[in-house]
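Text of input_1.txt, listed as compact mmCIF, C-alpha atoms:
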# COMPACT_ATOMS: atom_id res chain seq x y z
CA MET A 1 142.82 -27.95 64.09
CA ARG A 2 145.61 -28.25 61.51
CA ILE A 3 148.21 -25.53 61.00
CA SER A 4 146.34 -24.19 57.95
CA ALA A 5 143.25 -23.58 60.09
CA LEU A 6 145.39 -21.90 62.75
CA ALA A 7 146.80 -19.65 60.04
CA GLN A 8 143.32 -18.76 58.78
CA LEU A 9 141.94 -18.07 62.26
CA THR A 10 144.87 -15.85 63.30
CA ARG A 11 145.50 -14.37 59.83
CA VAL A 12 149.19 -15.24 60.23
CA PRO A 13 150.84 -17.06 57.27
CA VAL A 14 151.76 -20.75 57.77
CA ALA A 15 155.43 -19.90 57.07
CA THR A 16 155.41 -17.41 59.95
CA LEU A 17 153.74 -19.94 62.27
CA LYS A 18 156.44 -22.48 61.40
CA TYR A 19 159.06 -19.84 62.21
CA TYR A 20 157.45 -19.30 65.65
CA LEU A 21 157.47 -23.10 66.18
CA ARG A 22 161.16 -23.37 65.24
CA GLU A 23 162.04 -20.45 67.52
CA GLY A 24 160.16 -22.06 70.39
CA LEU A 25 157.77 -19.11 70.77
CA LEU A 26 154.82 -21.35 69.93
CA PRO A 27 154.61 -24.76 71.68
CA ALA A 28 154.50 -27.76 69.32
CA GLY A 29 151.07 -29.11 68.45
CA GLU A 30 149.96 -32.64 69.30
CA ARG A 31 151.46 -34.92 66.65
CA THR A 32 148.79 -37.03 64.90
CA ALA A 33 150.84 -38.36 61.99
CA GLN A 34 154.39 -38.18 60.62
CA THR A 35 153.80 -34.76 59.06
CA GLN A 36 150.70 -33.55 60.90
CA ALA A 37 150.00 -31.91 64.24
CA GLN A 38 146.86 -30.64 65.92
CA TYR A 39 146.59 -27.15 67.44
CA ASP A 40 144.02 -25.82 69.90
CA HIS A 41 142.74 -22.55 71.38
CA THR A 42 145.90 -22.15 73.51
CA HIS A 43 147.85 -21.87 70.25
CA VAL A 44 145.38 -19.30 68.92
CA ASP A 45 145.82 -17.22 72.09
CA ARG A 46 149.61 -17.52 71.94
CA VAL A 47 149.82 -16.48 68.27
CA ARG A 48 147.57 -13.46 68.91
CA LEU A 49 149.76 -12.47 71.85
CA ILE A 50 152.96 -12.75 69.78
CA ARG A 51 151.44 -10.65 66.97
CA ALA A 52 150.28 -7.99 69.41
CA LEU A 53 153.71 -7.79 71.02
CA VAL A 54 155.42 -7.50 67.63
CA GLU A 55 152.93 -5.17 65.94
CA SER A 56 151.60 -3.02 68.77
CA GLY A 57 154.35 -3.46 71.34
CA GLY A 58 157.05 -2.96 68.71
CA LEU A 59 159.16 -5.79 70.18
CA GLY A 60 161.74 -7.88 68.33
CA ILE A 61 161.65 -11.68 68.44
CA ALA A 62 164.30 -11.86 71.21
CA ALA A 63 162.27 -9.49 73.41
CA VAL A 64 159.07 -11.45 72.68
CA ARG A 65 160.84 -14.60 73.87
CA GLN A 66 161.80 -12.86 77.14
CA VAL A 67 158.21 -11.85 77.77
CA LEU A 68 156.90 -15.33 76.96
CA ASP A 69 159.56 -16.95 79.20
CA VAL A 70 158.33 -15.01 82.21
CA LEU A 71 154.72 -15.71 81.29
CA ASP A 72 155.46 -19.44 80.97
CA ASP A 73 157.57 -19.78 84.10
CA PRO A 74 156.50 -17.15 86.62
CA PRO A 75 158.51 -16.86 89.88
CA GLU A 76 156.93 -18.07 93.12
CA SER A 77 156.59 -14.93 95.22
CA ARG A 78 154.55 -11.94 94.19
CA HIS A 79 157.47 -9.67 95.03
CA ASP A 80 159.79 -11.50 92.63
CA LEU A 81 157.01 -11.54 90.09
CA LEU A 82 156.59 -7.77 90.09
CA ARG A 83 160.35 -7.13 90.09
CA GLN A 84 160.86 -9.60 87.25
CA THR A 85 158.07 -7.88 85.36
CA HIS A 86 160.10 -4.72 85.39
CA ASP A 87 163.33 -6.45 84.53
CA VAL A 88 161.63 -7.88 81.45
CA LEU A 89 160.08 -4.55 80.53
CA VAL A 90 163.38 -2.70 80.94
CA ALA A 91 165.48 -5.38 79.25
CA SER A 92 163.09 -5.78 76.34
CA GLU A 93 163.46 -2.10 75.58
CA GLY A 94 167.25 -2.23 75.37
CA ALA A 95 169.87 -0.50 77.47
CA ALA A 96 170.51 3.22 77.29
CA ALA A 97 173.40 3.86 74.88
CA GLY A 98 176.69 5.36 76.02
CA GLU A 99 177.78 7.29 79.07
CA VAL A 100 175.69 9.94 80.74
CA GLU A 101 177.09 12.79 82.84
CA GLU A 102 176.81 12.85 86.63
CA MET A 103 174.50 15.91 86.67
CA TRP A 104 171.83 14.10 84.66
CA LEU A 105 172.15 10.98 86.83
CA THR A 106 171.67 13.12 89.94
CA LEU A 107 168.61 14.88 88.53
CA ALA A 108 167.17 11.55 87.34
CA ALA A 109 167.76 9.91 90.73
CA GLU A 110 166.00 12.80 92.48
CA LEU A 111 163.04 12.51 90.14
CA ALA A 112 162.96 8.72 90.49
CA GLU A 113 162.83 8.91 94.27
CA ARG A 114 159.49 10.70 94.00
CA LEU A 115 158.15 7.79 91.93
CA GLY A 116 159.34 4.51 93.39
CA PRO A 117 162.30 2.58 94.83
CA VAL A 118 165.47 2.53 92.70
CA ASP A 119 168.85 0.89 93.20
CA GLY A 120 170.85 4.12 93.27
CA PRO A 121 172.06 6.21 90.30
CA HIS A 122 173.13 3.10 88.34
CA ASP A 123 169.70 1.52 88.30
CA PRO A 124 168.94 0.89 84.59
CA LEU A 125 165.73 2.94 84.80
CA VAL A 126 167.57 5.89 86.38
CA VAL A 127 170.23 5.74 83.65
CA ARG A 128 167.52 5.66 81.01
CA LEU A 129 165.74 8.61 82.60
CA ALA A 130 169.03 10.56 82.76
CA THR A 131 169.71 9.88 79.07
CA GLN A 132 166.21 11.08 78.17
CA LEU A 133 166.52 14.25 80.26
CA ARG A 134 169.82 15.01 78.53
CA ALA A 135 168.27 14.40 75.10
CA VAL A 136 165.53 16.95 75.80
CA ALA A 137 168.10 19.53 76.90
CA ALA A 138 170.31 18.75 73.88
CA ALA A 139 167.38 19.59 71.58
CA GLY A 140 167.22 23.05 73.12
CA VAL A 141 163.96 22.41 74.96
CA SER A 142 163.76 23.29 78.62
CA ILE A 143 161.32 21.40 80.80
CA PRO A 144 160.11 23.87 83.43
CA LEU A 145 160.16 22.47 86.98
CA GLY A 146 156.37 22.91 87.10
CA SER A 147 156.02 20.58 84.13
CA LEU A 148 158.23 17.97 85.79
CA ASP A 149 155.90 18.08 88.81
CA GLY A 150 153.02 17.43 86.43
CA TYR A 151 154.86 14.50 84.85
CA VAL A 152 155.51 13.00 88.31
CA ARG A 153 151.81 13.28 89.20
CA ALA A 154 150.80 11.80 85.83
CA ALA A 155 153.25 8.88 86.13
CA VAL A 156 152.01 7.99 89.61
CA THR A 157 148.39 8.23 88.43
CA LEU A 158 149.20 5.91 85.52
CA ALA A 159 151.10 3.39 87.64
CA ASP A 160 148.44 3.26 90.33
CA ALA A 161 145.81 2.69 87.64
CA ASP A 162 148.02 -0.05 86.14
CA LEU A 163 148.60 -1.88 89.40
CA SER A 164 145.32 -1.30 91.24
CA THR A 165 143.46 -3.88 89.18
CA VAL A 166 146.11 -6.58 88.73
CA PRO A 167 144.57 -10.05 89.14
CA GLU A 168 145.72 -12.26 92.05
CA GLU A 169 146.58 -15.22 89.80
CA GLU A 170 150.26 -14.92 88.89
CA THR A 171 150.31 -15.60 85.17
CA ALA A 172 147.32 -13.35 84.62
CA ALA A 173 148.97 -10.63 86.74
CA LEU A 174 152.22 -10.80 84.83
CA ARG A 175 150.45 -10.82 81.49
CA GLN A 176 148.48 -7.74 82.41
CA VAL A 177 151.46 -5.78 83.74
CA VAL A 178 154.02 -6.68 81.04
CA VAL A 179 151.75 -6.83 78.03
CA GLY A 180 149.32 -4.22 79.32
CA THR A 181 152.06 -1.67 79.95
CA LEU A 182 153.71 -2.17 76.57
CA LEU A 183 150.41 -2.05 74.71
CA THR A 184 148.92 0.88 76.58
CA ASP A 185 152.08 3.02 76.22
CA PRO A 186 151.05 4.24 72.74
CA LEU A 187 147.45 4.63 73.95
CA VAL A 188 148.50 6.96 76.75
CA LEU A 189 150.63 9.03 74.34
CA THR A 190 147.67 9.42 71.95
CA MET A 191 145.48 10.51 74.86
CA ARG A 192 148.16 13.04 75.80
CA ARG A 193 147.91 14.58 72.31
CA ILE A 194 144.11 14.80 72.40
CA ALA A 195 144.26 16.32 75.89
CA GLN A 196 146.82 18.86 74.61
CA ARG A 197 144.21 20.08 72.15
CA GLY A 198 141.88 20.60 75.08
CA SER A 199 144.58 22.33 77.09
CA GLY A 200 145.70 24.36 74.09
CA ASP A 201 142.18 25.56 73.42
CA ARG A 202 141.61 26.32 77.10
CA LEU A 203 144.87 28.25 77.18
CA GLU A 204 143.95 30.09 74.01
CA GLY A 205 140.50 30.83 75.44
CA ARG A 206 142.19 32.46 78.43
CA ALA A 207 144.73 34.33 76.30
CA ASP A 208 142.08 35.71 73.93
CA GLY A 209 139.65 36.44 76.77
CA ARG A 210 137.01 34.24 75.14
CA ALA A 211 134.54 32.31 77.28
CA ASP A 212 134.42 29.41 74.84
CA GLY A 213 137.75 27.70 74.64
CA ARG A 214 136.76 25.09 72.06
CA ALA A 215 138.34 25.21 68.63
CA GLU A 216 136.34 25.76 65.45
CA GLY A 217 137.81 23.10 63.07
CA MET B 1 183.47 27.98 61.38
CA ARG B 2 184.12 25.52 58.57
CA ILE B 3 182.09 22.34 58.12
CA SER B 4 184.82 20.25 59.78
CA ALA B 5 184.51 22.37 62.94
CA LEU B 6 180.72 22.07 62.83
CA ALA B 7 181.17 18.28 62.62
CA GLN B 8 183.53 18.25 65.58
CA LEU B 9 181.32 20.47 67.73
CA THR B 10 178.14 18.48 67.04
CA ARG B 11 179.84 15.06 66.80
CA VAL B 12 178.02 14.48 63.51
CA PRO B 13 180.16 13.24 60.57
CA VAL B 14 180.78 15.69 57.70
CA ALA B 15 179.10 13.26 55.27
CA THR B 16 175.91 13.37 57.37
CA LEU B 17 176.03 17.18 57.54
CA LYS B 18 176.33 17.32 53.74
CA TYR B 19 173.32 15.01 53.50
CA TYR B 20 171.33 17.39 55.73
CA LEU B 21 172.43 20.31 53.49
CA ARG B 22 171.36 18.48 50.31
CA GLU B 23 168.02 17.55 51.87
CA GLY B 24 167.44 21.16 52.88
CA LEU B 25 167.19 20.33 56.57
CA LEU B 26 170.21 22.48 57.31
CA PRO B 27 170.39 25.97 55.72
CA ALA B 28 173.44 26.58 53.52
CA GLY B 29 176.41 28.29 55.15
CA GLU B 30 177.73 31.66 54.03
CA ARG B 31 179.89 30.98 50.98
CA THR B 32 183.44 32.37 51.41
CA ALA B 33 185.13 30.66 48.47
CA GLN B 34 184.28 28.29 45.60
CA THR B 35 184.41 25.24 47.85
CA GLN B 36 184.12 26.76 51.30
CA ALA B 37 181.30 27.99 53.48
CA GLN B 38 181.10 29.40 56.98
CA TYR B 39 178.66 28.09 59.61
CA ASP B 40 177.58 29.68 62.88
CA HIS B 41 175.77 28.89 66.13
CA THR B 42 172.39 28.70 64.36
CA HIS B 43 173.77 25.74 62.41
CA VAL B 44 174.99 24.11 65.62
CA ASP B 45 171.52 24.50 67.17
CA ARG B 46 169.83 23.13 64.05
CA VAL B 47 172.09 20.07 63.82
CA ARG B 48 171.53 19.28 67.50
CA LEU B 49 167.78 19.58 67.00
CA ILE B 50 167.85 17.23 63.98
CA ARG B 51 169.91 14.65 65.88
CA ALA B 52 167.59 14.84 68.87
CA LEU B 53 164.52 14.36 66.66
CA VAL B 54 166.12 11.40 64.90
CA GLU B 55 167.73 9.71 67.89
CA SER B 56 165.42 10.53 70.77
CA GLY B 57 162.23 11.34 68.91
CA GLY B 58 162.66 8.34 66.62
CA LEU B 59 161.59 10.37 63.56
CA GLY B 60 162.53 9.63 59.96
CA ILE B 61 163.99 12.32 57.71
CA ALA B 62 160.60 13.13 56.12
CA ALA B 63 159.03 13.67 59.54
CA VAL B 64 161.99 15.78 60.65
CA ARG B 65 161.44 17.98 57.58
CA GLN B 66 157.76 18.46 58.55
CA VAL B 67 158.70 19.56 62.04
CA LEU B 68 161.38 21.94 60.75
CA ASP B 69 158.97 23.39 58.16
CA VAL B 70 156.51 24.41 60.87
CA LEU B 71 159.33 25.73 63.03
CA ASP B 72 160.71 27.78 60.13
CA ASP B 73 157.38 29.12 58.91
CA PRO B 74 154.94 29.31 61.82
CA PRO B 75 151.32 30.34 61.07
CA GLU B 76 150.15 33.79 62.16
CA SER B 77 147.46 33.08 64.75
CA ARG B 78 148.09 31.22 67.95
CA HIS B 79 145.05 29.06 67.26
CA ASP B 80 146.44 27.91 63.91
CA LEU B 81 149.79 27.43 65.52
CA LEU B 82 148.49 25.03 68.15
CA ARG B 83 146.33 23.13 65.66
CA GLN B 84 149.22 22.86 63.22
CA THR B 85 151.40 21.61 66.03
CA HIS B 86 149.08 18.66 66.41
CA ASP B 87 148.80 18.06 62.71
CA VAL B 88 152.57 17.79 62.54
CA LEU B 89 152.75 15.56 65.58
CA VAL B 90 150.01 13.26 64.28
CA ALA B 91 151.30 13.23 60.69
CA SER B 92 154.91 12.66 61.71
CA GLU B 93 153.85 9.51 63.53
CA GLY B 94 152.14 8.00 60.50
CA ALA B 95 148.50 7.08 59.94
CA ALA B 96 146.86 4.15 61.69
CA ALA B 97 147.01 1.12 59.39
CA GLY B 98 143.86 -0.51 58.02
CA GLU B 99 140.21 -0.40 58.93
CA VAL B 100 138.97 -0.39 62.49
CA GLU B 101 135.54 -1.61 63.58
CA GLU B 102 132.74 0.76 64.59
CA MET B 103 132.68 -0.41 68.22
CA TRP B 104 136.31 0.65 68.77
CA LEU B 105 135.70 4.00 67.07
CA THR B 106 132.71 4.62 69.34
CA LEU B 107 134.66 3.74 72.49
CA ALA B 108 137.61 5.87 71.32
CA ALA B 109 135.36 8.85 70.54
CA GLU B 110 133.78 8.61 74.01
CA LEU B 111 137.20 8.55 75.63
CA ALA B 112 138.46 11.39 73.45
CA GLU B 113 135.55 13.62 74.42
CA ARG B 114 136.75 13.52 78.01
CA LEU B 115 140.16 14.78 76.87
CA GLY B 116 139.72 17.48 74.23
CA PRO B 117 137.87 18.54 71.07
CA VAL B 118 137.90 16.03 68.20
CA ASP B 119 136.45 16.15 64.69
CA GLY B 120 134.10 13.18 65.13
CA PRO B 121 134.94 9.46 64.90
CA HIS B 122 137.12 9.97 61.80
CA ASP B 123 139.51 12.37 63.46
CA PRO B 124 142.99 10.84 62.92
CA LEU B 125 143.66 10.82 66.66
CA VAL B 126 140.36 9.02 67.37
CA VAL B 127 141.15 6.43 64.69
CA ARG B 128 144.59 5.92 66.19
CA LEU B 129 143.12 5.55 69.68
CA ALA B 130 140.55 3.03 68.37
CA THR B 131 143.32 0.97 66.72
CA GLN B 132 145.31 0.96 69.95
CA LEU B 133 142.30 -0.06 72.06
CA ARG B 134 141.65 -2.93 69.65
CA ALA B 135 145.31 -4.02 69.79
CA VAL B 136 145.18 -4.25 73.59
CA ALA B 137 142.02 -6.36 73.42
CA ALA B 138 143.52 -8.54 70.67
CA ALA B 139 146.44 -9.38 72.97
CA GLY B 140 143.98 -10.77 75.51
CA VAL B 141 144.49 -7.93 77.98
CA SER B 142 141.44 -6.22 79.39
CA ILE B 143 141.75 -2.63 80.52
CA PRO B 144 139.40 -2.24 83.49
CA LEU B 145 137.20 0.87 83.30
CA GLY B 146 138.85 2.12 86.49
CA SER B 147 142.24 2.05 84.75
CA LEU B 148 140.85 4.00 81.79
CA ASP B 149 139.68 6.68 84.23
CA GLY B 150 143.22 6.79 85.59
CA TYR B 151 144.63 7.14 82.06
CA VAL B 152 142.25 10.03 81.34
CA ARG B 153 143.33 11.83 84.53
CA ALA B 154 147.02 11.18 83.73
CA ALA B 155 146.67 12.42 80.13
CA VAL B 156 144.98 15.65 81.23
CA THR B 157 147.63 16.17 83.92
CA LEU B 158 150.38 15.67 81.29
CA ALA B 159 148.77 17.96 78.73
CA ASP B 160 148.12 20.74 81.21
CA ALA B 161 151.75 20.51 82.35
CA ASP B 162 152.83 20.61 78.68
CA LEU B 163 150.75 23.64 77.75
CA SER B 164 150.80 25.66 80.99
CA THR B 165 154.33 26.89 80.45
CA VAL B 166 154.39 27.44 76.67
CA PRO B 167 156.24 30.67 75.80
CA GLU B 168 154.30 33.52 74.15
CA GLU B 169 156.76 33.86 71.24
CA GLU B 170 155.47 31.65 68.41
CA THR B 171 158.56 29.80 67.22
CA ALA B 172 159.60 29.07 70.78
CA ALA B 173 156.06 27.90 71.60
CA LEU B 174 155.93 25.56 68.63
CA ARG B 175 159.40 24.21 69.31
CA GLN B 176 158.49 23.44 72.89
CA VAL B 177 155.17 21.74 72.06
CA VAL B 178 156.30 19.71 69.02
CA VAL B 179 159.81 18.85 70.08
CA GLY B 180 159.04 18.80 73.78
CA THR B 181 156.16 16.36 73.36
CA LEU B 182 158.10 13.98 71.12
CA LEU B 183 161.15 14.05 73.36
CA THR B 184 159.33 13.78 76.66
CA ASP B 185 157.16 10.85 75.48
CA PRO B 186 159.89 8.29 76.32
CA LEU B 187 160.63 10.17 79.55
CA VAL B 188 157.02 9.86 80.72
CA LEU B 189 157.00 6.14 79.89
CA THR B 190 160.17 5.55 81.92
CA MET B 191 158.63 7.45 84.83
CA ARG B 192 155.56 5.23 84.51
CA ARG B 193 157.76 2.12 84.98
CA ILE B 194 159.55 3.53 88.02
CA ALA B 195 156.20 4.54 89.51
CA GLN B 196 154.88 1.03 88.85
CA ARG B 197 157.63 -0.30 91.12
CA GLY B 198 156.37 2.06 93.80
CA SER B 199 152.76 1.04 93.19
CA GLY B 200 153.73 -2.63 93.01
CA ASP B 201 155.58 -2.45 96.30
CA ARG B 202 152.77 -0.48 97.92
CA LEU B 203 150.27 -3.04 96.65
CA GLU B 204 152.49 -5.88 97.86
CA GLY B 205 152.93 -4.15 101.20
CA ARG B 206 149.15 -4.09 101.57
CA ALA B 207 148.78 -7.70 100.45
CA ASP B 208 151.50 -8.98 102.83
CA GLY B 209 150.30 -6.75 105.67
CA ARG B 210 153.76 -5.13 105.90
CA ALA B 211 154.11 -1.54 107.04
CA ASP B 212 157.14 -0.95 104.83
CA GLY B 213 156.25 -1.26 101.18
CA ARG B 214 159.74 -0.67 99.83
CA ALA B 215 161.50 -3.50 98.06
CA GLU B 216 164.74 -5.01 99.27
CA GLY B 217 166.87 -5.20 96.09
Could you show the structure in this file as structure tokens?
Amino acid sequence: MRISALAQLTRVPVATLKYYLREGLLPAGERTAQTQAQYDHTHVDRVRLIRALVESGGLGIAAVRQVLDVLDDPPESRHDLLRQTHDVLVASEGAAAGEVEEMWLTLAAELAERLGPVDGPHDPLVVRLATQLRAVAAAGVSIPLGSLDGYVRAAVTLADADLSTVPEEETAALRQVVVGTLLTDPLVLTMRRIAQRGSGDRLEGRADGRADGRAEG
Amino acid sequence: MRISALAQLTRVPVATLKYYLREGLLPAGERTAQTQAQYDHTHVDRVRLIRALVESGGLGIAAVRQVLDVLDDPPESRHDLLRQTHDVLVASEGAAAGEVEEMWLTLAAELAERLGPVDGPHDPLVVRLATQLRAVAAAGVSIPLGSLDGYVRAAVTLADADLSTVPEEETAALRQVVVGTLLTDPLVLTMRRIAQRGSGDRLEGRADGRADGRAEG
């Protein structure tokens, strides 16, 4: 198909498609004349993926390129593949800003150890976790230890669900972990809010001594 | 203290503090002269809360005002309080853009029913969930049903942890649910990534037949 058909099919303007071509995010079509190229279903898939990463994943163009680079050139071993997946995820989300005090790093490292392997207190994910713990405290909100236990259980449940069904084929695996994690992040947070309504109503049911904990709109 | 001391203590520039005062986010100080006012620890707390909502919660000024309005004028009944908490949370995050097809609304409503009470398929949270499910599919990622079950379990675990320790006092309760949820969202997502490393290594350990599933940096 010509670029105009690709634009129609993906609902992405021709100017934007040309930008993706210039930036190397979209592979060039097969040239059929001086000023014409043909595109196929692989281009349709790629454009849809880029749009999803930008619109739903909230990524910038540089981060999209990082994701696509790993998708296009996956490492050989499955171990490297999974580690690189995380490097891309972490890098695409930017580094934590500024210094964070030792006490938050220690708490974050302790929490992290209950979740998965980390490279000490200077692991980027530990630093990010420390910064986030500090931000919660700075807002005057205390997370009770019981809640942290719940968050650990929830994170492990999520991660096991994420990884339990990863395909064997490498590109498909990487696509599902990188793209799937980014795109299901907002989904999980929405589900948290709906479940809070359930928990809130259950809690209220207990507090008011009512048998029926469901809310009347 | 004078506004310069408030700026120093909170590390927020005087110009920004004056902007918060003009916007009504920060209550006026006690006037001590024509051009001077005194601020106290309630102002320090409020400024820190605003900064945390903006920087860690990622909220715009309009959304910050909505959160502060509920904090400043909480409804009388606990039921209204918890419902209003969600209205603020949902509203502060913006409406889902555009139309979403019936099939996604149906799937979202089915999922939502396993989490908490919703006002039918046009409940804002159901619409948001439907949009997010569609976005994942549009990116060419399939969420296996087994993973969705895991997400449901994780969301309920999170919500129960969130609500189980909410203080009885209304303003404190609202502050913890609204601010706590927004600020711990990124925390939970970081924990998900660390836990994925654990799951990935466990998975890999199984696949390679190794007893030790931990990664060597």
- Message: Residues of chain B were defined as contacting chain A if any atom lay at most 6 Å from it, counting all atoms listed in the file; please report them as a ChimeraX atom specification.
- Response: /B:48-49,52,115-116,132,136,139,141,147,150-151,154-161,176,183,187,191-192,194-199
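Nearest to A:Ala33 of all the residues A:Arg2, A:Trp104, A:His122, A:Glu168 is A:Arg2, based on only C-alpha atoms.
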- The distance between atom CA of A:Arg22 and atom CA of A:Ala91 is 23.2 Å
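Distances to B:Gly24 were evaluated for B:Ala62, B:Glu110, B:Asp123, B:Pro74 using only C-alpha atoms, and the minimum falls at B:Ala62.
For the pair atom CA of A:Val44 and atom CA of A:Thr10, the interatomic distance is 6.6 Å.
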Draw an axis-aligned box tight on the listed atoms of stretch 179-193 of chain B, then pad every side by 8 Å and write out centre and edge lengths in Å to one decimal as lines of an AutoDock Vina configuration file.
center_x = 158.4
center_y = 10.5
center_z = 77.5
size_x = 21.6
size_y = 32.7
size_z = 30.9
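Proximity to B:Val178 was assessed for B:Leu21, B:Leu107, B:Pro121, B:Val64 counting only C-alpha atoms; the smallest distance is recorded for B:Val64.
Considering only C-alpha atoms, the residue among B:Tyr20, B:Arg11, B:Ile3, B:Leu105 positioned nearest to B:Pro124 is B:Leu105.
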